[in-house]
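Engineer: The structure under discussion is supplied below as structure tokens; questions concerning it will follow.
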Amino acid sequence: MNALLIIVFSLIYPITHIANGWIFEFAEVSPHISLIYLPAFVRLANVLVLGPLKGTLATFMGGLLLAQTYDAAFLVSSLNICCSASGPLISLCIFKMYSRRNVHLTSIKDLGVLTLMYALSNAVLHHLVWSVVDPSKLSEPIQVVWMVLGDIFGALLGAYLMKWCILKYRQVQVSRNLQD
């Protein structure tokens, strides 16, 4: 069952990334940065739902699948995948070290803090790697801020969409129970 969940979550990541490009094309700052980036939510959900190691593996595997759709150098692509998979893991570890406890999934404060830490770590990791191996991805210094905001907005939108789906599912279940 664990292997199946890892596969499913690894497929959700590239699908969400590609859909994000279509749906939120208007919010693109550059080909690599969007002001609304839903896969940020998927990356965080992977480590929160599957756990740190399995969630990181799911994001990494999804990144490998996604890399097949882009014509990037192997080194750049591999390092981007590592950054994408590491950001949520690093932020989760920092959260646990700082608060000395696990994230409470029902706590808006915990999820908000984790989202901010993730957005910062993800943007810094990517920009450090780009500055060393592919400076062409760096167009202006402000883009790191756009990337942080895009991850925050994407993670929040993903959380609200998930909450909406859960509420709709519950409504359907309640109406079915009332009909029985």
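As shown in the structure tokens, the chain order sets the letters A, B, ...; within each chain, residues go from 1, and ligands are also counted from 1 in the order they appear.
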Can you tell me, as a VMD selection string, what residues are no more than 12 Å from Lys54 (chain A) when counting only C-alpha atoms, ignoring any on the same chain fewer than 4 positions away?
Structural biologist: chain A and resid 2 to 10 43 to 50 58 to 61 85 88 to 89
Engineer: For the selection you just gave me, I'd like the residues written to a file as a PDB file, in the first residue's frame, keeping C-alpha atoms.
Structural biologist:
```pdb
ATOM      1  CA  ASN A   2       2.866   2.403   0.822  1.00  0.00           C
ATOM      2  CA  ALA A   3       4.440   1.868  -2.586  1.00  0.00           C
ATOM      3  CA  LEU A   4       1.100   2.562  -4.284  1.00  0.00           C
ATOM      4  CA  LEU A   5       0.657   5.815  -2.344  1.00  0.00           C
ATOM      5  CA  ILE A   6       4.173   6.934  -3.265  1.00  0.00           C
ATOM      6  CA  ILE A   7       3.438   6.229  -6.946  1.00  0.00           C
ATOM      7  CA  VAL A   8       0.084   8.059  -6.821  1.00  0.00           C
ATOM      8  CA  PHE A   9       1.594  11.100  -5.087  1.00  0.00           C
ATOM      9  CA  SER A  10       4.557  11.093  -7.473  1.00  0.00           C
ATOM     10  CA  ARG A  43       5.231  19.041  -2.218  1.00  0.00           C
ATOM     11  CA  LEU A  44       4.193  19.955   1.329  1.00  0.00           C
ATOM     12  CA  ALA A  45       1.270  17.524   1.281  1.00  0.00           C
ATOM     13  CA  ASN A  46       3.647  14.749   0.221  1.00  0.00           C
ATOM     14  CA  VAL A  47       5.814  15.076   3.335  1.00  0.00           C
ATOM     15  CA  LEU A  48       2.863  15.740   5.644  1.00  0.00           C
ATOM     16  CA  VAL A  49       0.724  12.836   4.422  1.00  0.00           C
ATOM     17  CA  LEU A  50       3.338  10.236   3.489  1.00  0.00           C
ATOM     18  CA  ALA A  58       7.322  10.903  -4.071  1.00  0.00           C
ATOM     19  CA  THR A  59       8.313  14.487  -4.947  1.00  0.00           C
ATOM     20  CA  PHE A  60      11.678  13.294  -6.274  1.00  0.00           C
ATOM     21  CA  MET A  61      10.060  10.619  -8.451  1.00  0.00           C
ATOM     22  CA  ALA A  85      12.233  17.565  -3.075  1.00  0.00           C
ATOM     23  CA  PRO A  88       9.628  20.608   2.150  1.00  0.00           C
ATOM     24  CA  LEU A  89      11.894  18.171   4.010  1.00  0.00           C
TER      25      LEU A  89
END
```
Engineer: Can you pull out every residue within 10 Å of region 27-31 of chain A, counting only C-alpha atoms, but drop anything in the same chain fewer than 5 positions away, and send it as a list of chain:residue names?
Structural biologist: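 In the requested form, the answer reads A:Asn20, A:Gly21, A:Ile36, A:Tyr37, A:Lys137, A:Leu138, A:Ser139, A:Gln143, A:Trp146, A:Met147, A:Gly150.
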Engineer: Could you dump the residues just selected with all heavy atoms as a PDB file, in the first residue's frame?
Structural biologist:
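See result02.pdb below for the written result:
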```pdb
ATOM      1  N   ASN A  20      -0.815  23.658 -13.677  1.00  0.00           N
ATOM      2  CA  ASN A  20      -0.555  24.999 -13.145  1.00  0.00           C
ATOM      3  C   ASN A  20      -0.086  25.933 -14.260  1.00  0.00           C
ATOM      4  O   ASN A  20      -0.496  27.092 -14.318  1.00  0.00           O
ATOM      5  CB  ASN A  20       0.507  24.930 -12.037  1.00  0.00           C
ATOM      6  CG  ASN A  20       0.589  26.186 -11.224  1.00  0.00           C
ATOM      7  OD1 ASN A  20      -0.128  26.337 -10.253  1.00  0.00           O
ATOM      8  ND2 ASN A  20       1.465  27.108 -11.602  1.00  0.00           N
ATOM      9  N   GLY A  21       0.762  25.435 -15.146  1.00  0.00           N
ATOM     10  CA  GLY A  21       1.250  26.249 -16.263  1.00  0.00           C
ATOM     11  C   GLY A  21       0.126  26.681 -17.191  1.00  0.00           C
ATOM     12  O   GLY A  21       0.149  27.790 -17.726  1.00  0.00           O
ATOM     13  N   ILE A  36       1.438  32.015  -8.665  1.00  0.00           N
ATOM     14  CA  ILE A  36       0.556  31.002  -8.074  1.00  0.00           C
ATOM     15  C   ILE A  36       1.111  29.653  -8.503  1.00  0.00           C
ATOM     16  O   ILE A  36       1.014  29.271  -9.663  1.00  0.00           O
ATOM     17  CB  ILE A  36      -0.905  31.156  -8.561  1.00  0.00           C
ATOM     18  CG1 ILE A  36      -1.433  32.547  -8.258  1.00  0.00           C
ATOM     19  CG2 ILE A  36      -1.790  30.079  -7.911  1.00  0.00           C
ATOM     20  CD1 ILE A  36      -2.771  32.856  -8.916  1.00  0.00           C
ATOM     21  N   TYR A  37       1.703  28.926  -7.553  1.00  0.00           N
ATOM     22  CA  TYR A  37       2.342  27.658  -7.879  1.00  0.00           C
ATOM     23  C   TYR A  37       1.755  26.537  -7.017  1.00  0.00           C
ATOM     24  O   TYR A  37       2.225  26.254  -5.919  1.00  0.00           O
ATOM     25  CB  TYR A  37       3.861  27.770  -7.700  1.00  0.00           C
ATOM     26  CG  TYR A  37       4.603  26.589  -8.251  1.00  0.00           C
ATOM     27  CD1 TYR A  37       4.564  26.301  -9.617  1.00  0.00           C
ATOM     28  CD2 TYR A  37       5.326  25.750  -7.426  1.00  0.00           C
ATOM     29  CE1 TYR A  37       5.237  25.201 -10.128  1.00  0.00           C
ATOM     30  CE2 TYR A  37       5.999  24.653  -7.921  1.00  0.00           C
ATOM     31  CZ  TYR A  37       5.946  24.384  -9.280  1.00  0.00           C
ATOM     32  OH  TYR A  37       6.607  23.287  -9.789  1.00  0.00           O
ATOM     33  N   LYS A 137      18.848  31.419 -15.598  1.00  0.00           N
ATOM     34  CA  LYS A 137      17.534  31.405 -14.949  1.00  0.00           C
ATOM     35  C   LYS A 137      17.337  32.606 -14.015  1.00  0.00           C
ATOM     36  O   LYS A 137      16.247  32.849 -13.522  1.00  0.00           O
ATOM     37  CB  LYS A 137      17.331  30.107 -14.174  1.00  0.00           C
ATOM     38  CG  LYS A 137      17.105  28.909 -15.076  1.00  0.00           C
ATOM     39  CD  LYS A 137      16.753  27.698 -14.256  1.00  0.00           C
ATOM     40  CE  LYS A 137      16.347  26.501 -15.046  1.00  0.00           C
ATOM     41  NZ  LYS A 137      17.081  26.137 -16.211  1.00  0.00           N
ATOM     42  N   LEU A 138      18.413  33.331 -13.775  1.00  0.00           N
ATOM     43  CA  LEU A 138      18.349  34.493 -12.887  1.00  0.00           C
ATOM     44  C   LEU A 138      18.228  35.759 -13.737  1.00  0.00           C
ATOM     45  O   LEU A 138      19.189  36.196 -14.354  1.00  0.00           O
ATOM     46  CB  LEU A 138      19.610  34.575 -12.022  1.00  0.00           C
ATOM     47  CG  LEU A 138      19.916  33.337 -11.196  1.00  0.00           C
ATOM     48  CD1 LEU A 138      21.271  33.461 -10.530  1.00  0.00           C
ATOM     49  CD2 LEU A 138      18.838  33.121 -10.154  1.00  0.00           C
ATOM     50  N   SER A 139      17.046  36.337 -13.752  1.00  0.00           N
ATOM     51  CA  SER A 139      16.853  37.533 -14.565  1.00  0.00           C
ATOM     52  C   SER A 139      16.986  38.810 -13.754  1.00  0.00           C
ATOM     53  O   SER A 139      17.505  39.800 -14.237  1.00  0.00           O
ATOM     54  CB  SER A 139      15.497  37.483 -15.277  1.00  0.00           C
ATOM     55  OG  SER A 139      14.455  37.371 -14.339  1.00  0.00           O
ATOM     56  N   GLN A 143      13.233  38.311  -8.279  1.00  0.00           N
ATOM     57  CA  GLN A 143      12.522  37.079  -8.624  1.00  0.00           C
ATOM     58  C   GLN A 143      12.481  36.089  -7.468  1.00  0.00           C
ATOM     59  O   GLN A 143      11.562  35.270  -7.391  1.00  0.00           O
ATOM     60  CB  GLN A 143      13.081  36.446  -9.889  1.00  0.00           C
ATOM     61  CG  GLN A 143      14.369  35.685  -9.727  1.00  0.00           C
ATOM     62  CD  GLN A 143      14.873  35.140 -11.047  1.00  0.00           C
ATOM     63  OE1 GLN A 143      14.693  35.732 -12.100  1.00  0.00           O
ATOM     64  NE2 GLN A 143      15.509  33.995 -10.979  1.00  0.00           N
ATOM     65  N   TRP A 146       9.318  36.833  -5.789  1.00  0.00           N
ATOM     66  CA  TRP A 146       8.172  36.330  -6.568  1.00  0.00           C
ATOM     67  C   TRP A 146       8.012  34.833  -6.366  1.00  0.00           C
ATOM     68  O   TRP A 146       6.893  34.324  -6.279  1.00  0.00           O
ATOM     69  CB  TRP A 146       8.322  36.643  -8.048  1.00  0.00           C
ATOM     70  CG  TRP A 146       8.417  38.093  -8.399  1.00  0.00           C
ATOM     71  CD1 TRP A 146       9.288  38.652  -9.304  1.00  0.00           C
ATOM     72  CD2 TRP A 146       7.630  39.181  -7.901  1.00  0.00           C
ATOM     73  NE1 TRP A 146       9.086  40.004  -9.357  1.00  0.00           N
ATOM     74  CE2 TRP A 146       8.076  40.361  -8.506  1.00  0.00           C
ATOM     75  CE3 TRP A 146       6.603  39.277  -6.965  1.00  0.00           C
ATOM     76  CZ2 TRP A 146       7.532  41.606  -8.234  1.00  0.00           C
ATOM     77  CZ3 TRP A 146       6.060  40.521  -6.683  1.00  0.00           C
ATOM     78  CH2 TRP A 146       6.516  41.660  -7.318  1.00  0.00           C
ATOM     79  N   MET A 147       9.125  34.126  -6.287  1.00  0.00           N
ATOM     80  CA  MET A 147       9.054  32.679  -6.098  1.00  0.00           C
ATOM     81  C   MET A 147       8.495  32.342  -4.711  1.00  0.00           C
ATOM     82  O   MET A 147       7.665  31.436  -4.581  1.00  0.00           O
ATOM     83  CB  MET A 147      10.429  32.046  -6.286  1.00  0.00           C
ATOM     84  CG  MET A 147      10.419  30.549  -6.352  1.00  0.00           C
ATOM     85  SD  MET A 147      12.081  29.942  -6.737  1.00  0.00           S
ATOM     86  CE  MET A 147      11.685  28.416  -7.544  1.00  0.00           C
ATOM     87  N   GLY A 150       4.796  33.042  -4.860  1.00  0.00           N
ATOM     88  CA  GLY A 150       4.119  32.026  -5.664  1.00  0.00           C
ATOM     89  C   GLY A 150       3.925  30.725  -4.901  1.00  0.00           C
ATOM     90  O   GLY A 150       2.864  30.088  -4.990  1.00  0.00           O
TER      91      GLY A 150
END
```
Engineer: Would you kindly return, as an mmCIF file with N, CA, C and O atoms, in the first residue's frame, each protein, DNA or RNA residue with an atom no farther than 8 Å from any atom of region 125-131 of chain A, considering only C-alpha atoms and excluding same-chain residues fewer than 5 positions away?
Structural biologist:
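Wrote it out as out22.cif, contents follow:
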```cif
data_model
loop_
_atom_site.group_PDB
_atom_site.id
_atom_site.type_symbol
_atom_site.label_atom_id
_atom_site.label_comp_id
_atom_site.auth_asym_id
_atom_site.auth_seq_id
_atom_site.Cartn_x
_atom_site.Cartn_y
_atom_site.Cartn_z
ATOM 1 N N VAL A 76 21.480 20.345 -14.423
ATOM 2 C CA VAL A 76 20.529 21.378 -13.995
ATOM 3 C C VAL A 76 19.208 20.734 -13.587
ATOM 4 O O VAL A 76 18.642 21.045 -12.535
ATOM 5 N N LEU A 79 19.581 18.794 -10.253
ATOM 6 C CA LEU A 79 19.684 19.685 -9.102
ATOM 7 C C LEU A 79 18.357 20.388 -8.810
ATOM 8 O O LEU A 79 18.009 20.593 -7.644
ATOM 9 N N ASN A 80 17.608 20.741 -9.859
ATOM 10 C CA ASN A 80 16.276 21.326 -9.644
ATOM 11 C C ASN A 80 15.354 20.335 -8.926
ATOM 12 O O ASN A 80 14.598 20.709 -8.032
ATOM 13 N N CYS A 83 16.345 20.206 -5.318
ATOM 14 C CA CYS A 83 15.851 21.400 -4.610
ATOM 15 C C CYS A 83 14.363 21.267 -4.314
ATOM 16 O O CYS A 83 13.916 21.536 -3.192
ATOM 17 N N SER A 84 13.597 20.865 -5.312
ATOM 18 C CA SER A 84 12.145 20.737 -5.152
ATOM 19 C C SER A 84 11.776 19.707 -4.092
ATOM 20 O O SER A 84 10.829 19.898 -3.333
ATOM 21 N N GLY A 87 13.213 21.093 -0.280
ATOM 22 C CA GLY A 87 12.593 22.240 0.383
ATOM 23 C C GLY A 87 11.581 21.859 1.452
ATOM 24 O O GLY A 87 11.676 22.323 2.600
ATOM 25 N N SER A 136 21.478 31.664 -16.282
ATOM 26 C CA SER A 136 20.488 32.177 -17.244
ATOM 27 C C SER A 136 19.079 32.204 -16.644
ATOM 28 O O SER A 136 18.215 32.934 -17.122
ATOM 29 N N LYS A 137 18.848 31.419 -15.598
ATOM 30 C CA LYS A 137 17.534 31.405 -14.949
ATOM 31 C C LYS A 137 17.337 32.606 -14.015
ATOM 32 O O LYS A 137 16.247 32.849 -13.522
ATOM 33 N N LEU A 138 18.413 33.331 -13.775
ATOM 34 C CA LEU A 138 18.349 34.493 -12.887
ATOM 35 C C LEU A 138 18.228 35.759 -13.737
ATOM 36 O O LEU A 138 19.189 36.196 -14.354
ATOM 37 N N VAL A 144 13.429 36.160 -6.538
ATOM 38 C CA VAL A 144 13.370 35.269 -5.378
ATOM 39 C C VAL A 144 12.128 35.587 -4.545
ATOM 40 O O VAL A 144 11.470 34.685 -4.021
#
```
Engineer: Would you mind listing what lies within 9 Å of region 157-174 of chain A as a PyMOL selection string, with only C-alpha atoms counted and same-chain residues fewer than 2 positions away left out?
Structural biologist: chain A and resi 36-42+152-155+176-179
Engineer: Generate a file of the selected residues that holds C-alpha atoms, formatted as a PDB file, in the first residue's frame.
Structural biologist:
```pdb
ATOM      1  CA  ILE A  36       0.556  31.002  -8.074  1.00  0.00           C
ATOM      2  CA  TYR A  37       2.342  27.658  -7.879  1.00  0.00           C
ATOM      3  CA  LEU A  38      -0.001  24.828  -6.814  1.00  0.00           C
ATOM      4  CA  PRO A  39       2.743  22.168  -6.799  1.00  0.00           C
ATOM      5  CA  ALA A  40       4.070  23.919  -3.676  1.00  0.00           C
ATOM      6  CA  PHE A  41       0.997  22.527  -1.913  1.00  0.00           C
ATOM      7  CA  VAL A  42       1.598  19.068  -3.398  1.00  0.00           C
ATOM      8  CA  ILE A 152       2.839  30.727  -0.518  1.00  0.00           C
ATOM      9  CA  PHE A 153      -0.138  31.536  -2.758  1.00  0.00           C
ATOM     10  CA  GLY A 154      -0.023  28.089  -4.378  1.00  0.00           C
ATOM     11  CA  ALA A 155       0.172  26.278  -1.040  1.00  0.00           C
ATOM     12  CA  ARG A 176     -26.827  10.154   1.007  1.00  0.00           C
ATOM     13  CA  ASN A 177     -27.288   9.197   4.647  1.00  0.00           C
ATOM     14  CA  LEU A 178     -30.407  11.345   4.881  1.00  0.00           C
ATOM     15  CA  GLN A 179     -31.847   9.675   1.764  1.00  0.00           C
TER      16      GLN A 179
END
```
Engineer: Can you tell me how far CA of Ile23 (chain A) sits from CA of Leu35 (chain A), in Å to one decimal?
Structural biologist: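 Taking CA of Ile23 (chain A) and CA of Leu35 (chain A), their separation equals 12.0 Å.
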Engineer: Would you give me, as a list in words, the residues in region 2-148 of chain A that DSSP reads as strand (DSSP E)?
Structural biologist: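 In region 2-148 of chain A, DSSP puts these residues in strand (DSSP E): Glu28, Val29, Ser30, Ile33 and Ser34 of chain A.
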Engineer: Report the residues of region 65-96 of chain A whose backbone DSSP state falls under helix (DSSP H, G or I), written as a VMD selection string.
Structural biologist: chain A and resid 65 to 67 74 to 96
Engineer: Would you mind telling me which residue in A:Leu64, A:Val145, A:Val103, A:Ile94 lies nearest to Leu120 (chain A) when using only C-alpha atoms?
Structural biologist: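 Selected residue with least distance to Leu120 (chain A): A:Val145.
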Engineer: Pick out the closest residue to Val148 (chain A) from this set: A:Ala73, A:Met1, A:Ile33, A:Cys93. Count only C-alpha atoms.
Structural biologist: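 Closest residue, counting only C-alpha atoms: A:Ile33.
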Engineer: Measuring atom to atom with only C-alpha atoms, identify which of A:Leu105, A:Ser86, A:Leu92, A:Trp22 is nearest to Met117 (chain A).
Structural biologist: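 Using only C-alpha atoms, Met117 (chain A) sits closest to A:Leu92.
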Engineer: Show me, as a list in words, the residues that have an atom within 7 Å of Ser91 (chain A) when counting only C-alpha atoms, minus same-chain residues fewer than 6 positions from it.
Structural biologist: Leu114, Met117, Tyr118 and Ser121 of chain A
